[in-house]
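Have a look at coords-v3.tsv; it's TSV, C-alpha atoms:
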```
chain	number	residue	atom	x	y	z
A	1	MET	CA	0.00	0.00	0.00
A	2	ARG	CA	2.76	2.47	0.88
A	3	LEU	CA	4.84	2.07	-2.42
A	4	PRO	CA	2.07	2.99	-4.93
A	5	ARG	CA	1.22	6.03	-2.87
A	6	GLN	CA	4.83	7.22	-2.96
A	7	LEU	CA	4.99	6.71	-6.74
A	8	PHE	CA	1.76	8.58	-7.16
A	9	ARG	CA	3.15	11.46	-5.14
A	10	ILE	CA	6.40	11.58	-7.20
A	11	LEU	CA	4.53	11.51	-10.50
A	12	LEU	CA	2.17	14.24	-9.31
A	13	ILE	CA	5.08	16.49	-8.34
A	14	ILE	CA	6.90	15.91	-11.67
A	15	THR	CA	3.77	16.59	-13.66
A	16	SER	CA	3.06	19.78	-11.76
A	17	THR	CA	6.63	20.97	-12.27
A	18	ILE	CA	6.59	20.32	-15.99
A	19	ALA	CA	3.22	21.94	-16.35
A	20	ALA	CA	4.40	25.01	-14.50
A	21	CYS	CA	7.29	25.60	-16.94
A	22	PRO	CA	6.86	26.92	-20.51
A	23	ILE	CA	7.22	24.28	-23.20
A	24	TYR	CA	9.30	25.33	-26.15
A	25	GLY	CA	8.82	29.00	-25.20
A	26	GLN	CA	5.08	28.81	-24.98
A	27	VAL	CA	2.89	29.81	-22.04
A	28	ARG	CA	2.03	26.87	-19.76
A	29	TYR	CA	-1.34	25.31	-20.01
A	30	SER	CA	-4.13	26.98	-18.14
A	31	PHE	CA	-4.98	23.66	-16.40
A	32	PHE	CA	-1.87	23.79	-14.13
A	33	THR	CA	-2.75	26.95	-12.31
A	34	PRO	CA	-1.77	27.85	-8.67
A	35	GLU	CA	-5.19	26.80	-7.54
A	36	VAL	CA	-4.59	23.29	-8.96
A	37	ASP	CA	-1.21	23.13	-7.19
A	38	SER	CA	-2.82	24.05	-3.87
A	39	ILE	CA	-5.46	21.37	-4.34
A	40	CYS	CA	-2.80	18.79	-5.05
A	41	ARG	CA	-0.83	19.70	-1.96
A	42	ASN	CA	-3.99	19.51	0.24
A	43	SER	CA	-4.75	16.10	-1.19
A	44	LEU	CA	-1.35	14.84	-0.13
A	45	ASP	CA	-1.91	16.13	3.41
A	46	TYR	CA	-5.24	14.37	3.60
A	47	ILE	CA	-3.59	11.19	2.39
A	48	ARG	CA	-0.96	11.40	5.15
A	49	ILE	CA	-3.63	12.09	7.83
A	50	ARG	CA	-5.68	9.16	6.64
A	51	GLN	CA	-2.62	6.91	6.74
A	52	SER	CA	-1.91	7.97	10.38
A	53	LEU	CA	-5.52	7.37	11.40
A	54	VAL	CA	-5.51	3.93	9.80
A	55	MET	CA	-2.40	2.99	11.77
A	56	GLN	CA	-3.93	4.26	15.03
A	57	GLN	CA	-7.11	2.32	14.35
A	58	PHE	CA	-5.05	-0.84	13.81
A	59	ALA	CA	-3.25	-0.38	17.19
A	60	ILE	CA	-6.57	0.22	18.97
A	61	ASP	CA	-8.04	-2.91	17.41
A	62	GLN	CA	-5.08	-4.91	18.75
A	63	ASP	CA	-5.60	-3.49	22.28
A	64	VAL	CA	-9.32	-4.22	22.17
A	65	MET	CA	-8.64	-7.80	21.13
A	66	GLN	CA	-6.14	-8.28	23.96
A	67	LEU	CA	-8.58	-6.83	26.53
A	68	ARG	CA	-11.34	-9.13	25.30
A	69	ASN	CA	-9.07	-12.14	25.75
A	70	THR	CA	-8.24	-11.02	29.31
A	71	ILE	CA	-11.93	-10.55	30.11
A	72	ASP	CA	-12.70	-14.02	28.82
A	73	ILE	CA	-10.00	-15.51	31.09
A	74	LEU	CA	-11.32	-13.60	34.15
A	75	ASN	CA	-14.88	-14.70	33.41
A	76	ARG	CA	-13.76	-18.32	33.33
A	77	HIS	CA	-11.98	-17.90	36.72
A	78	LEU	CA	-15.04	-16.18	38.20
A	79	GLU	CA	-17.31	-18.97	37.04
A	80	GLN	CA	-14.95	-21.56	38.55
A	81	SER	CA	-14.87	-19.69	41.90
A	82	ILE	CA	-18.66	-19.44	41.97
A	83	ASN	CA	-18.95	-23.17	41.39
A	84	GLU	CA	-16.47	-23.91	44.21
A	85	GLN	CA	-18.37	-21.57	46.57
A	86	GLN	CA	-21.64	-23.29	45.81
A	87	THR	CA	-20.02	-26.68	46.48
A	88	VAL	CA	-18.67	-25.53	49.87
A	89	GLU	CA	-22.03	-24.02	50.84
A	90	SER	CA	-23.79	-27.26	49.95
A	91	GLU	CA	-21.38	-29.32	52.07
A	92	LEU	CA	-21.70	-26.86	55.00
A	93	ALA	CA	-25.48	-27.01	54.82
A	94	ALA	CA	-25.34	-30.82	54.87
A	95	ILE	CA	-23.09	-30.77	57.96
A	96	ASN	CA	-25.42	-28.29	59.73
A	97	ARG	CA	-28.41	-30.49	58.98
A	98	HIS	CA	-26.55	-33.45	60.47
A	99	ILE	CA	-25.65	-31.47	63.61
A	100	ASP	CA	-29.25	-30.30	63.96
A	101	SER	CA	-30.43	-33.90	63.74
A	102	LEU	CA	-28.14	-34.83	66.66
A	103	THR	CA	-29.11	-31.85	68.85
A	104	PRO	CA	-32.36	-32.17	70.84
A	105	LYS	CA	-34.87	-29.66	69.63
A	106	ARG	CA	-36.16	-27.00	72.00
A	107	PRO	CA	-39.90	-27.07	72.53
A	108	ASP	CA	-41.86	-24.66	70.42
A	109	GLY	CA	-42.86	-21.34	71.90
A	110	PRO	CA	-41.01	-18.40	73.42
A	111	ARG	CA	-37.83	-19.15	75.34
A	112	PRO	CA	-38.37	-18.78	79.09
A	113	LYS	CA	-36.57	-15.91	80.77
A	114	MET	CA	-33.53	-16.73	82.86
A	115	ASN	CA	-34.19	-16.63	86.58
A	116	ILE	CA	-31.79	-15.43	89.25
A	117	ILE	CA	-30.49	-18.98	89.83
A	118	ASP	CA	-29.51	-19.39	86.16
A	119	ILE	CA	-27.82	-15.98	86.08
A	120	LEU	CA	-25.81	-16.72	89.23
A	121	SER	CA	-24.78	-20.15	87.95
A	122	GLU	CA	-23.34	-18.54	84.81
A	123	ARG	CA	-21.46	-15.75	86.63
A	124	LEU	CA	-20.47	-17.47	89.87
A	125	SER	CA	-17.54	-19.82	90.37
A	126	PHE	CA	-16.87	-21.62	93.64
A	127	HIS	CA	-13.91	-23.85	94.36
A	128	GLY	CA	-11.55	-24.79	97.16
A	129	ASN	CA	-10.33	-27.69	99.25
A	130	TYR	CA	-10.37	-29.15	102.73
A	131	GLY	CA	-8.38	-31.85	104.44
A	132	LEU	CA	-6.34	-33.12	107.35
A	133	ASN	CA	-2.55	-32.79	107.78
A	134	ILE	CA	-0.83	-35.34	110.04
A	135	ASN	CA	2.68	-35.41	111.54
A	136	GLN	CA	3.91	-38.20	113.81
A	137	LEU	CA	7.11	-38.99	115.74
A	138	ALA	CA	7.73	-42.29	117.55
A	139	LEU	CA	10.88	-43.12	119.58
A	140	SER	CA	11.93	-46.29	121.38
A	141	ASN	CA	15.25	-46.65	123.21
A	142	TRP	CA	16.53	-43.66	121.26
A	143	ALA	CA	19.94	-42.73	122.71
A	144	ALA	CA	19.84	-39.18	121.39
A	145	GLY	CA	16.67	-38.54	123.36
A	146	GLY	CA	13.37	-37.15	122.28
A	147	GLU	CA	9.69	-37.44	122.98
A	148	ASN	CA	6.90	-39.30	121.18
A	149	SER	CA	4.41	-36.92	119.63
A	150	TRP	CA	1.86	-36.51	116.92
A	151	ALA	CA	0.22	-33.47	115.41
A	152	GLY	CA	-2.88	-33.00	113.35
A	153	LYS	CA	-4.24	-29.98	111.53
A	154	ALA	CA	-7.61	-29.56	109.87
A	155	PHE	CA	-7.82	-26.93	107.16
A	156	ALA	CA	-10.28	-25.57	104.63
A	157	ASN	CA	-9.92	-23.02	101.85
A	158	PHE	CA	-12.49	-21.64	99.44
A	159	SER	CA	-12.82	-18.98	96.77
A	160	LEU	CA	-16.12	-17.51	95.57
A	161	VAL	CA	-15.93	-15.30	92.46
A	162	TYR	CA	-18.71	-13.31	90.79
A	163	GLN	CA	-17.99	-11.67	87.43
A	164	ASN	CA	-19.82	-9.57	84.88
A	165	LYS	CA	-18.79	-7.00	82.27
A	166	THR	CA	-18.52	-4.15	84.76
A	167	PHE	CA	-16.88	-5.53	87.91
A	168	GLU	CA	-15.57	-8.60	89.70
A	169	GLN	CA	-16.23	-9.65	93.29
A	170	LYS	CA	-14.06	-12.19	95.07
A	171	PHE	CA	-14.53	-13.67	98.53
A	172	VAL	CA	-11.73	-15.87	99.83
A	173	GLY	CA	-11.56	-17.77	103.12
A	174	ALA	CA	-8.76	-19.75	104.77
A	175	PHE	CA	-9.26	-21.68	108.02
A	176	ALA	CA	-6.92	-23.92	110.00
A	177	PHE	CA	-6.79	-25.46	113.45
A	178	GLY	CA	-4.18	-27.90	114.67
A	179	ILE	CA	-3.02	-29.48	117.91
A	180	SER	CA	0.01	-31.47	119.05
A	181	ARG	CA	-0.02	-34.27	121.64
A	182	PHE	CA	3.11	-35.35	123.45
A	183	ALA	CA	3.97	-38.52	125.37
A	184	ASP	CA	3.03	-36.99	128.70
A	185	LYS	CA	-0.43	-36.39	127.23
A	186	ARG	CA	0.18	-32.66	127.11
A	187	LEU	CA	-1.79	-30.90	124.35
A	188	GLU	CA	-0.60	-27.75	122.65
A	189	LYS	CA	-2.21	-25.69	119.94
A	190	GLN	CA	-0.18	-25.92	116.77
A	191	ASP	CA	-2.09	-23.75	114.33
A	192	ASP	CA	-5.13	-21.50	114.54
A	193	LYS	CA	-6.32	-19.01	111.96
A	194	ILE	CA	-9.38	-17.42	110.42
A	195	ASP	CA	-8.52	-15.35	107.33
A	196	LEU	CA	-11.24	-13.72	105.23
A	197	THR	CA	-10.73	-11.46	102.22
A	198	TYR	CA	-13.28	-9.56	100.12
A	199	ALA	CA	-12.19	-7.76	96.94
A	200	LEU	CA	-14.21	-5.61	94.53
A	201	SER	CA	-12.53	-4.67	91.22
A	202	LEU	CA	-13.80	-2.62	88.30
A	203	ASN	CA	-12.99	-4.23	84.96
A	204	SER	CA	-10.96	-2.17	82.50
A	205	LYS	CA	-9.14	-2.72	79.23
A	206	THR	CA	-5.74	-2.59	80.93
A	207	ARG	CA	-3.98	-4.84	83.46
A	208	TRP	CA	-4.54	-2.25	86.21
A	209	ASN	CA	-8.00	-2.21	87.78
A	210	LEU	CA	-9.43	0.06	90.45
A	211	SER	CA	-10.07	-2.12	93.51
A	212	MET	CA	-11.28	-2.12	97.08
A	213	VAL	CA	-10.08	-4.85	99.45
A	214	ALA	CA	-11.17	-5.78	102.97
A	215	THR	CA	-9.30	-8.38	105.04
A	216	PHE	CA	-10.15	-9.85	108.42
A	217	ASN	CA	-7.92	-12.08	110.57
A	218	THR	CA	-8.43	-13.71	113.96
A	219	GLN	CA	-8.32	-17.16	115.62
A	220	PHE	CA	-10.66	-19.82	117.02
A	221	ALA	CA	-9.37	-20.73	120.48
A	222	ASP	CA	-7.21	-19.44	123.32
A	223	GLY	CA	-3.47	-19.43	122.97
A	224	TYR	CA	-1.14	-20.04	125.89
A	225	LYS	CA	2.46	-19.34	126.78
A	226	TYR	CA	3.56	-22.97	126.43
A	227	PRO	CA	4.65	-25.04	128.29
A	228	ASN	CA	2.68	-22.93	130.78
A	229	ASP	CA	-0.95	-23.54	129.83
A	230	SER	CA	-2.37	-21.21	132.46
A	231	THR	CA	-1.24	-17.89	130.99
A	232	VAL	CA	-3.49	-16.75	128.15
A	233	ILE	CA	-1.72	-14.72	125.48
A	234	SER	CA	-4.46	-14.63	122.81
A	235	THR	CA	-8.14	-15.49	122.36
A	236	PHE	CA	-10.91	-15.23	119.80
A	237	PHE	CA	-11.06	-11.58	118.68
A	238	ALA	CA	-7.99	-10.83	120.76
A	239	PRO	CA	-6.39	-9.97	118.53
A	240	ALA	CA	-8.49	-9.47	115.41
A	241	TYR	CA	-7.40	-7.31	112.48
A	242	LEU	CA	-9.63	-5.54	109.97
A	243	THR	CA	-7.98	-3.77	107.05
A	244	LEU	CA	-9.89	-1.60	104.55
A	245	SER	CA	-7.99	-0.53	101.44
A	246	ALA	CA	-8.64	1.24	98.16
A	247	GLY	CA	-6.15	1.21	95.31
A	248	TYR	CA	-5.22	-0.62	92.14
A	249	THR	CA	-4.81	-4.29	91.30
A	250	TYR	CA	-2.46	-5.63	88.63
A	251	LYS	CA	-2.72	-9.21	87.43
A	252	THR	CA	-1.17	-11.16	84.61
A	253	LYS	CA	-3.20	-12.75	81.84
A	254	ASN	CA	-3.06	-16.21	83.43
A	255	GLU	CA	-3.75	-14.63	86.88
A	256	ARG	CA	-0.85	-16.48	88.47
A	257	PHE	CA	0.59	-13.19	89.70
A	258	GLN	CA	-1.49	-10.46	91.33
A	259	ILE	CA	-0.47	-7.38	93.26
A	260	PHE	CA	-2.69	-4.90	95.07
A	261	LEU	CA	-1.34	-1.44	95.97
A	262	SER	CA	-3.20	0.92	98.28
A	263	PRO	CA	-1.62	4.27	99.23
A	264	MET	CA	-4.41	4.92	101.73
A	265	ALA	CA	-5.52	2.01	103.92
A	266	GLY	CA	-7.05	1.80	107.37
A	267	LYS	CA	-6.19	-0.93	109.84
A	268	VAL	CA	-8.20	-1.59	113.01
A	269	THR	CA	-6.96	-3.88	115.77
A	270	PHE	CA	-9.52	-5.44	118.14
A	271	VAL	CA	-8.59	-6.82	121.57
A	272	PHE	CA	-11.83	-7.95	123.24
A	273	ASN	CA	-10.11	-9.75	126.09
A	274	GLN	CA	-9.95	-7.11	128.79
A	275	ASP	CA	-6.94	-8.61	130.57
A	276	LEU	CA	-4.93	-8.42	127.34
A	277	ALA	CA	-6.30	-4.95	126.62
A	278	ASP	CA	-5.33	-3.73	130.09
A	279	ALA	CA	-1.80	-5.01	129.48
A	280	GLY	CA	-1.65	-3.01	126.23
A	281	ASN	CA	-1.05	-6.09	124.07
A	282	PHE	CA	-1.21	-5.91	120.27
A	283	GLY	CA	-0.86	-2.14	120.15
A	284	VAL	CA	-3.97	-0.99	122.05
A	285	LYS	CA	-3.69	1.63	124.75
A	286	LYS	CA	-3.10	-0.16	128.07
A	287	GLY	CA	-4.93	0.53	131.33
A	288	TYR	CA	-3.55	2.84	134.01
A	289	TYR	CA	-4.36	4.53	137.30
A	290	ASP	CA	-5.29	8.20	137.14
A	291	GLN	CA	-4.22	10.84	139.65
A	292	ASP	CA	-7.08	9.91	141.97
A	293	GLY	CA	-6.08	6.28	142.01
A	294	ASN	CA	-8.98	5.17	139.81
A	295	TRP	CA	-8.26	2.37	137.40
A	296	ILE	CA	-8.79	3.32	133.72
A	297	PRO	CA	-9.28	0.13	131.67
A	298	GLY	CA	-7.25	-0.43	128.56
A	299	GLU	CA	-8.84	0.32	125.20
A	300	ASN	CA	-10.16	-2.51	123.07
A	301	ILE	CA	-9.64	-0.90	119.66
A	302	ALA	CA	-6.62	0.70	118.00
A	303	ALA	CA	-6.74	2.32	114.58
A	304	ALA	CA	-3.93	3.09	112.15
A	305	LEU	CA	-3.54	4.60	108.69
A	306	GLY	CA	-0.92	3.49	106.20
A	307	VAL	CA	0.06	1.80	102.96
A	308	ASN	CA	-1.20	-1.71	102.22
A	309	VAL	CA	0.37	-4.15	99.74
A	310	ILE	CA	-0.95	-7.65	98.93
A	311	ILE	CA	0.94	-10.00	96.60
A	312	ASN	CA	-0.39	-13.38	95.39
A	313	TYR	CA	1.68	-15.77	93.30
A	314	LYS	CA	1.09	-19.36	92.19
A	315	GLN	CA	3.52	-21.36	90.06
A	316	PRO	CA	3.63	-25.05	89.11
A	317	ILE	CA	7.07	-26.59	89.70
A	318	GLY	CA	7.32	-29.74	87.70
A	319	LYS	CA	4.42	-32.07	87.05
A	320	ASN	CA	3.01	-32.60	90.56
A	321	VAL	CA	4.51	-29.75	92.58
A	322	THR	CA	2.88	-26.35	93.12
A	323	TYR	CA	4.23	-23.32	94.93
A	324	THR	CA	1.81	-20.74	96.36
A	325	THR	CA	2.70	-17.60	98.30
A	326	ILE	CA	0.74	-14.71	99.81
A	327	LEU	CA	2.48	-11.60	101.17
A	328	ASN	CA	0.50	-8.95	103.03
A	329	GLY	CA	2.38	-5.84	104.12
A	330	PHE	CA	1.16	-2.76	105.99
A	331	TYR	CA	3.31	0.29	106.67
A	332	ASN	CA	1.95	2.59	109.36
A	333	TYR	CA	2.94	6.19	108.69
A	334	THR	CA	0.75	7.75	111.39
A	335	GLU	CA	2.45	6.12	114.36
A	336	LYS	CA	5.79	7.39	115.62
A	337	ARG	CA	8.05	5.31	117.80
A	338	ASP	CA	10.81	6.62	120.04
A	339	ASP	CA	12.94	3.50	119.65
A	340	ASN	CA	13.20	3.92	115.83
A	341	LEU	CA	11.87	0.41	115.24
A	342	LEU	CA	9.98	-0.38	112.06
A	343	THR	CA	6.33	0.61	112.18
A	344	ALA	CA	5.58	-1.99	109.52
A	345	ASP	CA	3.74	-5.30	109.70
A	346	PHE	CA	3.94	-8.14	107.22
A	347	ASN	CA	2.48	-11.61	106.97
A	348	TRP	CA	4.09	-14.00	104.48
A	349	GLU	CA	2.71	-17.51	103.91
A	350	ASN	CA	4.43	-20.04	101.63
A	351	ASN	CA	3.01	-23.42	100.61
A	352	ILE	CA	4.66	-26.15	98.54
A	353	ASN	CA	2.36	-29.04	97.68
A	354	PHE	CA	3.74	-32.36	96.41
A	355	ALA	CA	0.79	-34.25	94.93
A	356	ILE	CA	1.21	-37.99	95.52
A	357	SER	CA	-2.24	-38.94	94.30
A	358	LYS	CA	-5.62	-37.33	93.82
A	359	HIS	CA	-6.33	-37.08	97.54
A	360	LEU	CA	-2.88	-37.53	99.10
A	361	THR	CA	-0.40	-34.65	99.26
A	362	THR	CA	2.80	-33.81	101.05
A	363	MET	CA	2.64	-30.20	102.24
A	364	LEU	CA	5.48	-27.91	103.30
A	365	PHE	CA	4.27	-24.75	105.01
A	366	VAL	CA	6.51	-21.83	106.00
A	367	HIS	CA	4.97	-18.79	107.71
A	368	LEU	CA	6.92	-15.60	108.45
A	369	LYS	CA	5.32	-12.80	110.42
A	370	TYR	CA	6.40	-9.48	111.89
A	371	ASP	CA	4.14	-7.22	113.96
A	372	HIS	CA	5.73	-4.21	115.62
A	373	ASN	CA	2.96	-4.22	118.26
A	374	THR	CA	3.60	-7.83	119.28
A	375	THR	CA	6.58	-7.94	121.65
A	376	PHE	CA	8.62	-10.71	123.24
A	377	PRO	CA	10.64	-10.56	126.45
A	378	VAL	CA	14.39	-10.11	126.41
A	379	TYR	CA	16.15	-11.95	129.25
A	380	GLU	CA	19.43	-11.18	130.94
A	381	THR	CA	21.12	-12.84	133.86
A	382	VAL	CA	21.06	-10.47	136.81
A	383	GLU	CA	22.84	-11.78	139.92
A	384	GLY	CA	22.44	-15.32	138.64
A	385	VAL	CA	18.72	-14.96	137.90
A	386	GLU	CA	17.15	-14.79	134.43
A	387	THR	CA	15.39	-11.43	134.43
A	388	VAL	CA	13.21	-9.73	131.82
A	389	VAL	CA	14.94	-6.50	130.90
A	390	ASP	CA	12.95	-5.45	127.82
A	391	ASN	CA	10.14	-6.39	125.43
A	392	VAL	CA	10.79	-6.00	121.71
A	393	PRO	CA	9.08	-7.17	118.48
A	394	LYS	CA	10.73	-10.10	116.74
A	395	LEU	CA	10.40	-12.04	113.52
A	396	GLN	CA	7.96	-14.92	114.03
A	397	VAL	CA	8.65	-18.13	112.11
A	398	LYS	CA	6.47	-21.23	111.79
A	399	GLU	CA	7.26	-24.28	109.63
A	400	SER	CA	5.51	-27.61	109.21
A	401	LEU	CA	5.91	-30.61	106.93
A	402	GLY	CA	3.45	-33.45	106.79
A	403	ILE	CA	1.17	-35.67	104.76
A	404	ALA	CA	-2.29	-34.31	104.06
A	405	PHE	CA	-5.50	-35.94	102.94
A	406	VAL	CA	-7.10	-33.37	100.64
A	407	HIS	CA	-10.40	-33.15	98.80
A	408	ASN	CA	-10.73	-30.50	96.10
A	409	PHE	CA	-14.04	-29.08	94.92
```
Starting from the file, lay out its structure as structure tokens.
Amino acid sequence: MRLPRQLFRILLIITSTIAACPIYGQVRYSFFTPEVDSICRNSLDYIRIRQSLVMQQFAIDQDVMQLRNTIDILNRHLEQSINEQQTVESELAAINRHIDSLTPKRPDGPRPKMNIIDILSERLSFHGNYGLNINQLALSNWAAGGENSWAGKAFANFSLVYQNKTFEQKFVGAFAFGISRFADKRLEKQDDKIDLTYALSLNSKTRWNLSMVATFNTQFADGYKYPNDSTVISTFFAPAYLTLSAGYTYKTKNERFQIFLSPMAGKVTFVFNQDLADAGNFGVKKGYYDQDGNWIPGENIAAALGVNVIINYKQPIGKNVTYTTILNGFYNYTEKRDDNLLTADFNWENNINFAISKHLTTMLFVHLKYDHNTTFPVYETVEGVETVVDNVPKLQVKESLGIAFVHNF
């Protein structure tokens, strides 16, 4: 196509040139006028424009063909995907029909409203354990000396938790009472505690939750200054401790570690045994004689303000061993002491349980306690006689190891 057009253009130019020149001295023909030359040149321009448009149309046709092929491929993929989706939906519907056939159908009619019992059963959790811990020592012709004895301790622990979207309530109780019997049939109290804790926490999106905690601690029976079993040193509600705290609780995701911090906590000590209150035991104001010789009884209640910290941690050690610890610390910053002793109290309980079977466990219990209001006599030999020269607070330590029969619920 391109070669004939070029020849036509060359011939047209040659013809126009010859026609524009005189032939043998004569005037050129009237047919080859300037107007004819202009028309010829315009025709060539139109031919070039047409050629360009034809080439553009050819390129566009190629693009359109390629796009149509791509659309055909996409349509085939879409159709295949739709078929696969329909197959999956059919299989899912068949499985659902099978599950529905296995599930008992609810009776027709409106679903009954949940009563308070159903709501509590969904939001309440209650668990704990109780059991008996036994220690025994038997000696016969033992040259190193010693005394036959056995000890038994009954214990019970429970935890009641109520949860909803807004807050969490937790009520925890720990009880224990144990006695020891020696060969001379002397009985001594080995353990005695009543520990109750109530915690209210507002749920938040962070690990730190606003909380209020109340703890109460006392004992069941009288305690004596053994081996003298005639001098009472503690009784039920003498002492008893009530701590009210407000602060923040942090706990990990698995709740194995929890810490409660309260910058403002109130602690109240109760001593409802008047003899102990008159002696000023456990930090209450002791009795005294006024100027007229009248006896003013000791106070039964002492209050303090301070910082309260409670730490709970539970960690499995191996397959059948579990370590649990609870540390409760209270720092009294309203009481001043002249002897510069710590005005802080802490109670640290540590338990290591070695599970032998479902209901048989070896338990190691270590209890550390410090109370700046609980004092012990300091003896010195004066002229050959042991004499009490002072009373100071000391670290209290209790440890026991024995086999326990435990039932968990």
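Nearest-residue note for Phe155 in chain A: choosing from A:Thr374, A:Phe177, A:Ala238, A:Lys170, the minimum distance belongs to A:Phe177, counting all atoms listed in the file.
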Problem set entry | Interatomic distance (Å, one decimal) between CA of Pro393 in chain A and CA of His367 in chain A |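 Between CA of Pro393 in chain A and CA of His367 in chain A the gap works out to 16.4 Å.
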Problem set entry | Closest of A:Glu91, A:Glu188, A:Asp195, A:Glu335 to Asp222 in chain A - atom-to-atom distances counting only C-alpha atoms |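 Nearest candidate to Asp222 in chain A out of A:Glu91, A:Glu188, A:Asp195, A:Glu335: A:Glu188.
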For range 246-255 of chain A, work out the shell of residues within 9 Å, counting only C-alpha atoms and skipping chain neighbours fewer than 3 positions away, then give it as a compact mmCIF listing (two decimals) with C-alpha atoms, in the frame of the given file.
```txt
# COMPACT_ATOMS: atom_id res chain seq x y z
CA SER A 201 -12.53 -4.67 91.22
CA THR A 206 -5.74 -2.59 80.93
CA ARG A 207 -3.98 -4.84 83.46
CA TRP A 208 -4.54 -2.25 86.21
CA ASN A 209 -8.00 -2.21 87.78
CA LEU A 210 -9.43 0.06 90.45
CA SER A 211 -10.07 -2.12 93.51
CA MET A 212 -11.28 -2.12 97.08
CA VAL A 213 -10.08 -4.85 99.45
CA ALA A 214 -11.17 -5.78 102.97
CA GLN A 258 -1.49 -10.46 91.33
CA ILE A 259 -0.47 -7.38 93.26
CA PHE A 260 -2.69 -4.90 95.07
CA LEU A 261 -1.34 -1.44 95.97
CA SER A 262 -3.20 0.92 98.28
CA PRO A 263 -1.62 4.27 99.23
CA MET A 264 -4.41 4.92 101.73
CA ALA A 265 -5.52 2.01 103.92
CA ASN A 308 -1.20 -1.71 102.22
CA TYR A 313 1.68 -15.77 93.30
CA LYS A 314 1.09 -19.36 92.19
```
Seminar exercise, completed: Ala176 in chain A proximity check over A:Arg68, A:Lys189, A:Lys285, A:His77, using all atoms listed in the file: winner is A:Lys189
For this session: Have a look at CA of Asn281 in chain A and CA of Tyr224 in chain A and let me know their distance in Å, one decimal.
Result: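 Straight-line distance from CA of Asn281 in chain A to CA of Tyr224 in chain A works out to 14.1 Å.
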For this session: Provide the CA of Phe354 in chain A to CA of Asn148 in chain A distance in Å, to one decimal place.
Result: 25.9 Å
Problem set entry | Polymer residues at most 6 Å from Val366 in chain A, all atoms listed in the file, same-chain spacing of 3 or more positions, as an NGL selection string | :A and (350 or 398-399)
Exercise. Which is closer to His372 in chain A than all the others in A:Asn391, A:Ser357, A:Asn408, A:Asn133, using all atoms listed in the file?
Worked result: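 Nearest candidate to His372 in chain A out of A:Asn391, A:Ser357, A:Asn408, A:Asn133: A:Asn391.
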For this session: For Ser125 in chain A, work out the shell of residues within 7 Å, counting all atoms listed in the file and skipping chain neighbours fewer than 4 positions away, then give it as a list in words.
Result: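 Counting all atoms listed in the file, the residues come to Leu160, Val161 and Tyr162 of chain A.
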Could you write out that same residue set with C-alpha atoms as a short mmCIF file (atom, residue, chain, number, x, y, z; two decimals), in the frame of the given file?
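Output saved as result.cif:
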```
data_model
loop_
_atom_site.label_atom_id
_atom_site.label_comp_id
_atom_site.auth_asym_id
_atom_site.auth_seq_id
_atom_site.Cartn_x
_atom_site.Cartn_y
_atom_site.Cartn_z
CA LEU A 160 -16.12 -17.51 95.57
CA VAL A 161 -15.93 -15.30 92.46
CA TYR A 162 -18.71 -13.31 90.79
#
```
Enclose the full set of atoms of range 386-395 of chain A listed in the file within a box whose edges lie along x, y and z, apply 8 Å of padding to each of the six sides, and report centre and edge lengths in Å to one decimal as JSON.
```
{"center_x": 13.1, "center_y": -10.1, "center_z": 124.0, "size_x": 24.1, "size_y": 25.3, "size_z": 36.9}
```
